[in-house]
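Next comes run_25.tsv, with TSV, C-alpha atoms and all ligand atoms.
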chain	number	residue	atom	x	y	z
T	1	LEU	CA	-60.19	-23.92	125.15
T	2	LYS	CA	-61.56	-20.84	126.84
T	3	GLU	CA	-62.74	-18.05	124.60
T	4	ASN	CA	-60.61	-14.92	124.94
T	5	LEU	CA	-62.94	-12.87	127.08
T	6	ALA	CA	-61.53	-9.43	126.41
T	7	LEU	CA	-64.81	-7.56	126.27
T	8	PRO	CA	-64.99	-4.15	124.66
T	9	VAL	CA	-65.30	-0.87	126.52
T	10	GLY	CA	-68.99	-0.05	126.75
T	11	THR	CA	-70.07	-3.57	127.69
T	12	THR	CA	-72.69	-3.37	130.43
T	13	LEU	CA	-71.80	-4.69	133.85
T	14	ASP	CA	-74.55	-7.32	133.69
T	15	ARG	CA	-73.29	-8.66	130.39
T	16	PHE	CA	-69.70	-8.57	131.58
T	17	ILE	CA	-70.55	-10.52	134.74
T	18	MET	CA	-72.48	-13.07	132.70
T	19	ARG	CA	-69.68	-13.56	130.18
T	20	LYS	CA	-67.01	-13.78	132.87
T	21	GLN	CA	-68.97	-16.27	134.91
T	22	GLU	CA	-67.01	-19.22	133.57
T	23	ASP	CA	-63.80	-17.71	135.00
T	24	PHE	CA	-65.13	-17.99	138.55
T	25	PRO	CA	-63.73	-20.74	140.72
T	26	TYR	CA	-67.28	-22.07	141.17
T	27	ALA	CA	-69.18	-21.21	138.02
T	28	THR	CA	-72.70	-21.70	139.25
T	29	GLY	CA	-74.16	-18.26	138.64
T	30	GLU	CA	-74.66	-17.48	142.31
T	31	LEU	CA	-71.63	-15.24	142.57
T	32	SER	CA	-72.81	-13.44	139.43
T	33	GLN	CA	-76.16	-12.82	141.06
T	34	LEU	CA	-74.45	-11.58	144.20
T	35	LEU	CA	-72.37	-9.07	142.24
T	36	ARG	CA	-75.49	-7.85	140.51
T	37	ASP	CA	-77.20	-7.42	143.90
T	38	ILE	CA	-74.30	-5.27	145.07
T	39	ALA	CA	-74.48	-3.20	141.88
T	40	LEU	CA	-78.20	-2.62	142.42
T	41	ALA	CA	-77.68	-1.45	146.00
T	42	ALA	CA	-74.86	0.80	144.76
T	43	LYS	CA	-77.29	2.49	142.36
T	44	ILE	CA	-79.77	3.09	145.15
T	45	VAL	CA	-77.08	4.47	147.46
T	46	ASN	CA	-75.74	6.60	144.61
T	47	ARG	CA	-79.18	8.16	144.25
T	48	ALA	CA	-79.38	8.86	147.97
T	49	ILE	CA	-75.91	10.45	147.92
T	50	ASN	CA	-76.76	12.65	144.95
T	51	HIS	CA	-79.83	13.95	146.76
T	52	ALA	CA	-78.12	14.31	150.11
T	53	GLY	CA	-77.98	18.10	150.01
T	54	LEU	CA	-81.66	18.36	149.08
T	55	THR	CA	-83.22	15.82	151.38
T	56	ASP	CA	-82.80	15.51	155.11
T	57	ILE	CA	-80.21	12.80	154.71
T	58	GLY	CA	-77.01	14.69	155.50
T	59	GLY	CA	-75.45	15.06	158.92
T	60	ALA	CA	-75.16	12.93	162.00
T	61	TYR	CA	-77.56	10.12	162.82
T	62	GLY	CA	-77.17	10.62	166.57
T	63	LYS	CA	-75.68	7.24	167.43
T	64	GLN	CA	-72.22	5.74	167.54
T	65	ASN	CA	-71.17	2.51	165.87
T	66	VAL	CA	-69.19	-0.25	167.54
T	67	GLN	CA	-65.94	1.58	166.77
T	68	GLY	CA	-67.10	4.60	168.74
T	69	GLU	CA	-67.51	6.70	165.59
T	70	ASP	CA	-70.47	9.05	165.18
T	71	GLN	CA	-72.65	7.47	162.53
T	72	GLN	CA	-73.79	9.71	159.72
T	73	LYS	CA	-77.30	9.30	158.35
T	74	LEU	CA	-75.87	8.07	155.08
T	75	ASP	CA	-73.79	5.44	156.91
T	76	VAL	CA	-77.06	4.07	158.21
T	77	VAL	CA	-78.93	4.39	154.91
T	78	ALA	CA	-76.15	2.67	152.96
T	79	ASN	CA	-75.92	-0.08	155.56
T	80	ILE	CA	-79.65	-0.77	155.29
T	81	ARG	CA	-79.61	-0.71	151.48
T	82	PHE	CA	-76.72	-3.12	151.06
T	83	ILE	CA	-77.97	-5.53	153.71
T	84	ARG	CA	-81.43	-5.52	152.19
T	85	ALA	CA	-80.09	-6.19	148.69
T	86	LEU	CA	-77.90	-9.04	149.94
T	87	ARG	CA	-80.70	-10.54	151.99
T	88	ASN	CA	-83.21	-10.35	149.14
T	89	GLY	CA	-80.69	-11.73	146.67
T	90	GLY	CA	-80.53	-14.99	148.58
T	91	GLU	CA	-76.90	-15.94	147.83
T	92	VAL	CA	-75.46	-14.71	151.12
T	93	CYS	CA	-75.94	-16.47	154.46
T	94	ALA	CA	-74.31	-13.83	156.64
T	95	ILE	CA	-72.80	-10.35	156.52
T	96	ILE	CA	-70.39	-8.36	158.62
T	97	SER	CA	-70.71	-4.59	158.34
T	98	GLU	CA	-68.76	-1.70	159.81
T	99	GLU	CA	-72.02	-0.36	161.16
T	100	GLU	CA	-73.12	-3.52	162.99
T	101	GLU	CA	-71.40	-4.98	166.03
T	102	ASP	CA	-72.34	-8.59	165.36
T	103	VAL	CA	-72.70	-10.87	162.37
T	104	ILE	CA	-75.96	-10.33	160.47
T	105	HIS	CA	-77.59	-13.64	159.63
T	106	THR	CA	-79.74	-13.18	156.55
T	107	GLY	CA	-81.87	-16.25	157.17
T	108	ASN	CA	-80.69	-17.71	153.84
T	109	ASN	CA	-78.81	-20.63	155.34
T	110	ASN	CA	-78.50	-22.18	151.91
T	111	GLY	CA	-76.51	-19.18	150.71
T	112	LYS	CA	-72.97	-20.21	149.86
T	113	TYR	CA	-71.34	-16.84	150.42
T	114	ILE	CA	-70.57	-14.39	153.16
T	115	VAL	CA	-69.88	-10.70	152.66
T	116	ALA	CA	-67.84	-8.16	154.63
T	117	ILE	CA	-68.81	-4.58	153.84
T	118	ASP	CA	-67.98	-0.97	154.59
T	119	PRO	CA	-71.28	0.43	153.31
T	120	LEU	CA	-70.13	4.04	153.29
T	121	ASP	CA	-66.43	4.81	153.35
T	122	GLY	CA	-65.24	8.34	154.04
T	123	SER	CA	-68.27	9.44	156.00
T	124	SER	CA	-66.55	12.62	157.17
T	125	ASN	CA	-66.70	13.75	153.54
T	126	ILE	CA	-70.45	13.30	152.99
T	127	ASP	CA	-71.52	16.76	154.09
T	128	VAL	CA	-68.79	18.57	152.18
T	129	ASN	CA	-69.49	17.06	148.76
T	130	VAL	CA	-66.26	15.10	148.48
T	131	SER	CA	-65.88	11.58	147.04
T	132	ILE	CA	-67.00	8.67	149.21
T	133	GLY	CA	-67.27	4.95	148.60
T	134	THR	CA	-68.37	1.42	149.45
T	135	ILE	CA	-65.97	-1.49	149.96
T	136	PHE	CA	-66.89	-5.19	149.84
T	137	SER	CA	-65.27	-8.61	150.17
T	138	ILE	CA	-66.92	-11.90	149.23
T	139	TYR	CA	-65.92	-15.31	150.60
T	140	ARG	CA	-67.32	-18.78	150.22
T	141	ARG	CA	-68.55	-20.00	153.57
T	142	VAL	CA	-66.51	-22.77	155.21
T	143	SER	CA	-69.33	-23.87	157.51
T	144	GLU	CA	-71.83	-26.47	156.46
T	145	LEU	CA	-74.50	-25.47	153.97
T	146	GLY	CA	-77.99	-25.27	155.48
T	147	THR	CA	-76.75	-24.17	158.91
T	148	GLU	CA	-76.11	-20.72	160.35
T	149	ALA	CA	-72.79	-19.13	159.44
T	150	THR	CA	-70.06	-19.30	162.07
T	151	MET	CA	-67.16	-17.09	163.11
T	152	ASP	CA	-64.85	-19.33	161.08
T	153	ASP	CA	-66.60	-18.09	157.96
T	154	PHE	CA	-65.49	-14.56	158.81
T	155	PHE	CA	-62.04	-15.40	160.13
T	156	GLN	CA	-60.76	-16.54	156.73
T	157	LYS	CA	-57.62	-14.86	155.49
T	158	GLY	CA	-57.90	-12.31	152.70
T	159	THR	CA	-56.26	-14.81	150.36
T	160	GLU	CA	-59.57	-16.73	150.45
T	161	GLN	CA	-61.64	-13.92	148.92
T	162	VAL	CA	-63.48	-15.03	145.79
T	163	ALA	CA	-64.33	-11.47	144.80
T	164	ALA	CA	-63.85	-7.97	146.13
T	165	GLY	CA	-64.43	-4.45	144.98
T	166	TYR	CA	-65.48	-0.94	145.69
T	167	VAL	CA	-67.84	1.68	144.48
T	168	ILE	CA	-66.56	5.22	144.29
T	169	TYR	CA	-69.17	7.96	144.34
T	170	GLY	CA	-66.94	10.61	142.80
T	171	SER	CA	-67.01	13.04	139.89
T	172	SER	CA	-68.59	10.02	138.30
T	173	THR	CA	-69.69	6.87	140.07
T	174	MET	CA	-67.66	3.76	139.36
T	175	LEU	CA	-67.68	0.14	140.38
T	176	VAL	CA	-64.30	-1.60	140.37
T	177	TYR	CA	-64.03	-5.28	141.15
T	178	THR	CA	-61.99	-8.43	140.82
T	179	THR	CA	-62.80	-12.12	140.95
T	180	GLY	CA	-59.11	-13.00	140.87
T	181	ASN	CA	-58.67	-12.57	137.13
T	182	GLY	CA	-57.58	-8.97	136.93
T	183	VAL	CA	-59.37	-5.78	137.84
T	184	ASN	CA	-62.10	-4.09	135.82
T	185	GLY	CA	-63.79	-0.73	136.29
T	186	PHE	CA	-67.29	0.29	135.26
T	187	THR	CA	-68.66	3.82	135.08
T	188	TYR	CA	-72.27	4.55	135.96
T	189	GLU	CA	-74.40	6.26	133.35
T	190	THR	CA	-77.08	7.94	135.42
T	191	SER	CA	-79.73	8.51	132.79
T	192	LEU	CA	-79.60	4.87	131.66
T	193	GLY	CA	-79.14	3.48	135.14
T	194	GLU	CA	-76.33	1.16	133.97
T	195	PHE	CA	-72.69	0.56	134.73
T	196	PHE	CA	-70.57	0.32	131.57
T	197	LEU	CA	-67.07	-1.12	131.24
T	198	SER	CA	-64.80	1.93	131.07
T	199	HIS	CA	-61.52	0.71	132.61
T	200	PRO	CA	-60.80	-2.82	131.37
T	201	ASN	CA	-57.97	-4.77	132.94
T	202	ILE	CA	-56.63	-2.08	135.26
T	203	THR	CA	-52.94	-2.34	136.10
T	204	THR	CA	-51.16	-0.08	138.52
T	205	PRO	CA	-47.74	1.48	137.84
T	206	GLN	CA	-44.85	-0.31	139.52
T	207	ASN	CA	-43.67	3.00	140.97
T	208	GLY	CA	-45.24	6.38	141.52
T	209	SER	CA	-44.74	9.88	142.85
T	210	ILE	CA	-47.87	10.43	144.92
T	211	TYR	CA	-48.00	9.80	148.66
T	212	SER	CA	-51.23	9.79	150.63
T	213	VAL	CA	-51.14	10.01	154.39
T	214	ASN	CA	-52.82	12.14	157.04
T	215	GLU	CA	-49.74	14.15	157.91
T	216	GLY	CA	-51.55	15.75	160.85
T	217	GLY	CA	-50.46	12.70	162.81
T	218	PHE	CA	-46.81	13.02	161.73
T	219	ASN	CA	-45.37	13.64	165.22
T	220	HIS	CA	-46.63	10.29	166.41
T	221	PHE	CA	-45.74	8.19	163.37
T	222	PRO	CA	-43.10	5.48	163.83
T	223	GLU	CA	-39.60	6.78	163.03
T	224	SER	CA	-39.40	4.86	159.76
T	225	ILE	CA	-42.65	6.34	158.49
T	226	LYS	CA	-41.53	9.84	159.45
T	227	HIS	CA	-38.38	9.14	157.49
T	228	TYR	CA	-40.33	7.87	154.48
T	229	VAL	CA	-42.58	10.95	154.47
T	230	GLU	CA	-39.48	13.14	154.63
T	231	LEU	CA	-38.05	11.24	151.65
T	232	CYS	CA	-41.26	11.90	149.74
T	233	ARG	CA	-40.92	15.60	150.47
T	234	VAL	CA	-37.26	15.68	149.42
T	235	ARG	CA	-38.18	13.90	146.19
T	236	ASN	CA	-40.88	16.46	145.55
T	237	TYR	CA	-43.63	13.86	145.38
T	238	ALA	CA	-47.20	15.11	145.25
T	239	ALA	CA	-49.07	14.90	148.57
T	240	ARG	CA	-52.68	13.87	147.97
T	241	TYR	CA	-55.04	12.95	150.77
T	242	ILE	CA	-58.80	13.01	150.35
T	243	GLY	CA	-59.67	11.30	153.61
T	244	SER	CA	-61.83	8.68	151.91
T	245	LEU	CA	-59.81	5.49	151.63
T	246	VAL	CA	-61.64	4.42	148.48
T	247	ALA	CA	-60.95	7.69	146.70
T	248	ASP	CA	-57.31	7.84	147.78
T	249	PHE	CA	-56.85	4.22	146.76
T	250	HIS	CA	-58.58	4.70	143.39
T	251	ARG	CA	-56.40	7.65	142.42
T	252	ASN	CA	-53.19	5.86	143.35
T	253	LEU	CA	-54.31	2.68	141.60
T	254	LEU	CA	-54.71	4.54	138.32
T	255	LYS	CA	-51.79	6.95	138.64
T	256	GLY	CA	-49.24	5.13	140.80
T	257	GLY	CA	-48.60	6.07	144.41
T	258	ILE	CA	-48.74	4.88	147.98
T	259	TYR	CA	-51.37	5.19	150.70
T	260	LEU	CA	-50.14	4.97	154.28
T	261	TYR	CA	-52.12	4.58	157.47
T	262	PRO	CA	-49.54	3.82	160.17
T	263	ASN	CA	-50.13	3.43	163.87
T	264	THR	CA	-50.74	6.82	165.43
T	265	LEU	CA	-51.43	8.23	168.89
T	266	LYS	CA	-55.19	8.02	168.28
T	267	SER	CA	-55.03	4.60	166.61
T	268	PRO	CA	-52.12	2.65	168.08
T	269	GLY	CA	-52.86	-0.48	166.03
T	270	GLY	CA	-53.76	1.42	162.88
T	271	LYS	CA	-57.23	2.75	162.12
T	272	LEU	CA	-58.45	0.83	159.10
T	273	ARG	CA	-60.41	-2.35	159.47
T	274	LEU	CA	-58.96	-5.58	158.11
T	275	LEU	CA	-62.15	-7.40	157.17
T	276	TYR	CA	-64.09	-4.76	155.29
T	277	GLU	CA	-61.50	-2.15	154.29
T	278	CYS	CA	-57.97	-3.54	153.94
T	279	ASN	CA	-58.54	-7.04	152.57
T	280	ALA	CA	-60.67	-6.00	149.61
T	281	LEU	CA	-58.26	-3.27	148.53
T	282	ALA	CA	-55.29	-5.60	149.07
T	283	PHE	CA	-56.86	-8.19	146.76
T	284	LEU	CA	-57.55	-5.53	144.13
T	285	VAL	CA	-54.11	-3.95	144.30
T	286	GLU	CA	-52.35	-7.32	143.98
T	287	GLN	CA	-54.55	-8.21	141.03
T	288	ALA	CA	-53.49	-4.91	139.45
T	289	GLY	CA	-49.79	-5.63	140.05
T	290	GLY	CA	-49.36	-3.59	143.24
T	291	LYS	CA	-48.77	-4.51	146.86
T	292	ALA	CA	-50.45	-4.25	150.27
T	293	SER	CA	-48.68	-4.73	153.57
T	294	ASP	CA	-49.19	-3.95	157.23
T	295	GLY	CA	-45.47	-3.20	157.35
T	296	ARG	CA	-44.49	-6.71	158.34
T	297	GLN	CA	-46.59	-9.00	156.25
T	298	ARG	CA	-48.91	-9.22	153.31
T	299	ILE	CA	-52.34	-7.90	154.33
T	300	LEU	CA	-53.98	-10.91	152.67
T	301	GLU	CA	-52.10	-13.32	154.95
T	302	ILE	CA	-53.13	-11.77	158.27
T	303	GLN	CA	-55.14	-14.26	160.32
T	304	PRO	CA	-58.25	-12.41	161.52
T	305	SER	CA	-59.39	-13.00	165.08
T	306	GLU	CA	-61.93	-10.21	165.56
T	307	LEU	CA	-64.71	-8.92	163.33
T	308	HIS	CA	-63.72	-5.28	163.63
T	309	GLN	CA	-59.98	-5.87	163.83
T	310	ARG	CA	-57.77	-2.98	162.75
T	311	CYS	CA	-54.38	-2.98	161.12
T	312	THR	CA	-51.82	-0.61	159.72
T	313	LEU	CA	-51.92	-0.27	155.94
T	314	TYR	CA	-49.29	0.50	153.31
T	315	ILE	CA	-50.78	-0.02	149.88
T	316	GLY	CA	-50.14	0.93	146.28
T	317	SER	CA	-47.27	0.75	143.82
T	318	LYS	CA	-45.00	-2.21	144.51
T	319	ASP	CA	-41.68	-0.35	144.65
T	320	MET	CA	-43.05	2.23	147.08
T	321	VAL	CA	-44.57	-0.35	149.44
T	322	ASN	CA	-41.33	-2.34	149.32
T	323	GLU	CA	-39.37	0.76	150.32
T	324	VAL	CA	-41.63	1.36	153.31
T	325	GLU	CA	-41.35	-2.28	154.38
T	326	ASN	CA	-37.57	-2.13	154.18
T	327	LEU	CA	-37.46	1.06	156.23
T	328	LEU	CA	-39.71	-0.47	158.88
T	329	VAL	CA	-37.45	-3.50	159.16
T	330	ALA	CA	-34.30	-1.36	159.31
T	331	ARG	CA	-35.50	1.31	161.74
T	332	ASP	CA	-38.33	0.25	164.07
T	401	LIG	P1	-65.24	5.21	157.42
T	401	LIG	O1	-65.75	6.52	156.92
T	401	LIG	O2	-65.77	4.04	156.67
T	401	LIG	O3	-65.34	5.05	158.91
T	401	LIG	O4	-63.69	5.12	157.06
T	401	LIG	C1	-62.87	6.17	157.48
T	401	LIG	C2	-61.48	5.90	157.09
T	401	LIG	C3	-61.14	6.04	155.62
T	401	LIG	O5	-62.14	6.29	154.75
T	401	LIG	C4	-60.20	7.21	155.57
T	401	LIG	O6	-59.20	6.97	154.68
T	401	LIG	C5	-59.71	7.32	156.95
T	401	LIG	O7	-60.68	6.83	157.78
T	401	LIG	C6	-59.38	8.74	157.29
T	401	LIG	O8	-58.90	8.80	158.56
T	401	LIG	P2	-58.27	10.14	159.14
T	401	LIG	O9	-59.37	11.13	159.21
T	401	LIG	O10	-57.73	9.71	160.46
T	401	LIG	O11	-57.17	10.55	158.18
T	402	MN	MN	-67.05	4.86	160.03
T	403	MN	MN	-64.11	3.09	155.71
T	404	MN	MN	-67.75	3.35	156.62

Any chance you could put this one into structure tokens?
Ligand code: AHG
Ligand code: MN
Ligand code: MN
Ligand code: MN
Amino acid sequence: LKENLALPVGTTLDRFIMRKQEDFPYATGELSQLLRDIALAAKIVNRAINHAGLTDIGGAYGKQNVQGEDQQKLDVVANIRFIRALRNGGEVCAIISEEEEDVIHTGNNNGKYIVAIDPLDGSSNIDVNVSIGTIFSIYRRVSELGTEATMDDFFQKGTEQVAAGYVIYGSSTMLVYTTGNGVNGFTYETSLGEFFLSHPNITTPQNGSIYSVNEGGFNHFPESIKHYVELCRVRNYAARYIGSLVADFHRNLLKGGIYLYPNTLKSPGGKLRLLYECNALAFLVEQAGGKASDGRQRILEIQPSELHQRCTLYIGSKDMVNEVENLLVARD
């Protein structure tokens, strides 16, 4: 019989990962090591972010990424830090990152895992001191051990994730993750350099009264989404939009609400990226009792066919996402 692993608030992340190891689908310790590698890189990136105003690390890097976005220096720094940590850790054979066009082969062909990562989410908020984040998804490779990873490793549906999470660099820095047994949040204590369990077993309210959408694009939203936004206004819901997906998601996860990124004039297929933004948050929200949809289907069941594939995203409290889905079916 498994020990009841309800660990007390204040447990360190390392201890928590160690104790929870036996819950993992493959309890070999490698996934634990991988999570610790991510936590280490998060600490390093957190330090860089905290110093951003004092060092020459703010502002544009001068290049565009594969999505045609202007890279910020911190996008590049975070990308390097996470890749380095994952490469040195040895558990990961390949990585896909928002900031890299192609798959990054780590050289560790005996690594059993692959990672999809948005190293720095919300980069437009870096220079204005607003919350930003990191998003990650972990899969077991499907290709043969000892060989180079293949596209099939990355084109697994979100349902195949073995772990996923995010780091939010906010009023405090937190790491929130799931391995498919609920969602737990850890707050970073800077002077000790440790993450401590602060939000055990996070569940999200079934319904909420916060809606998060970039209403600047309203005129080009699909009719059903316009209608939903109007309903939110009539109901006097609170409009909250930070412009960092991680931060908007985190607030709604804790308080109840919905985040919407529909197709718009600028982004006809939606803006957010399936592999390293939507899937991780979809896994987390479902584990917390919420829902994630592209309007037609469960995000986690979308079959990926491109590394940087985009999709529309409606995510948060179950009742709210259901209402949007029903409107989309009825109206568009
Ligand atoms: P990233 O900074 O990783 O490129 O992600 C940007 C995303 C996401 O963080 C945010 O929610 C969204 O873009 C904001 O888009 P708009 O500015 O179009 O609202
Ligand atoms: Mn970007
Ligand atoms: Mn992002
Ligand atoms: Mn990013």

(Q) Which residues are near ligand MN 404 (chain T) - at most 12 Å, using only C-alpha atoms and all ligand atoms? Format: as a PyMOL selection string. (A) chain T and resi 65-67+69-79+97-100+116-126+132-136+166+243-246+271-273+276-277+308

Could you work out an axis-aligned bounding box for all listed atoms of stretch 117-123 of chain T, with 4 Å added on each of the six sides, and give its centre and edge lengths in Å to one decimal, as lines of an AutoDock Vina configuration file?
center_x = -68.3
center_y = 2.4
center_z = 154.6
size_x = 14.0
size_y = 22.0
size_z = 10.7

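All residues of protein, DNA or RNA that reach within 6 Å of stretch 39-45 of chain T, judged by only C-alpha atoms and not counting those fewer than 4 positions away in the chain, are Ala78, Arg81, Phe82 and Ala85 of chain T.
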
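Between atom CA of T:Gly170 and atom CA of T:Leu197 lies a distance of 16.5 Å.
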
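Pairwise distance (atom CA of T:Gly111, atom CA of T:Leu175) equals 23.6 Å.
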
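If you look at atom C1 of ligand LIG 401 (chain T) and atom CA of T:Ser198, they are 26.8 Å away from each other.
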
(Q) Between T:Val329, T:Ala149, T:Val130, T:Leu231, which residue has the minimum interatomic distance to ligand LIG 401 (chain T), considering only C-alpha atoms and all ligand atoms? (A) T:Val130

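With all atoms listed in the file as the atoms that count, the residue of T:Lys112, T:Lys291, T:His227, T:Arg36 with the shortest distance to T:Cys278 is T:Lys291.
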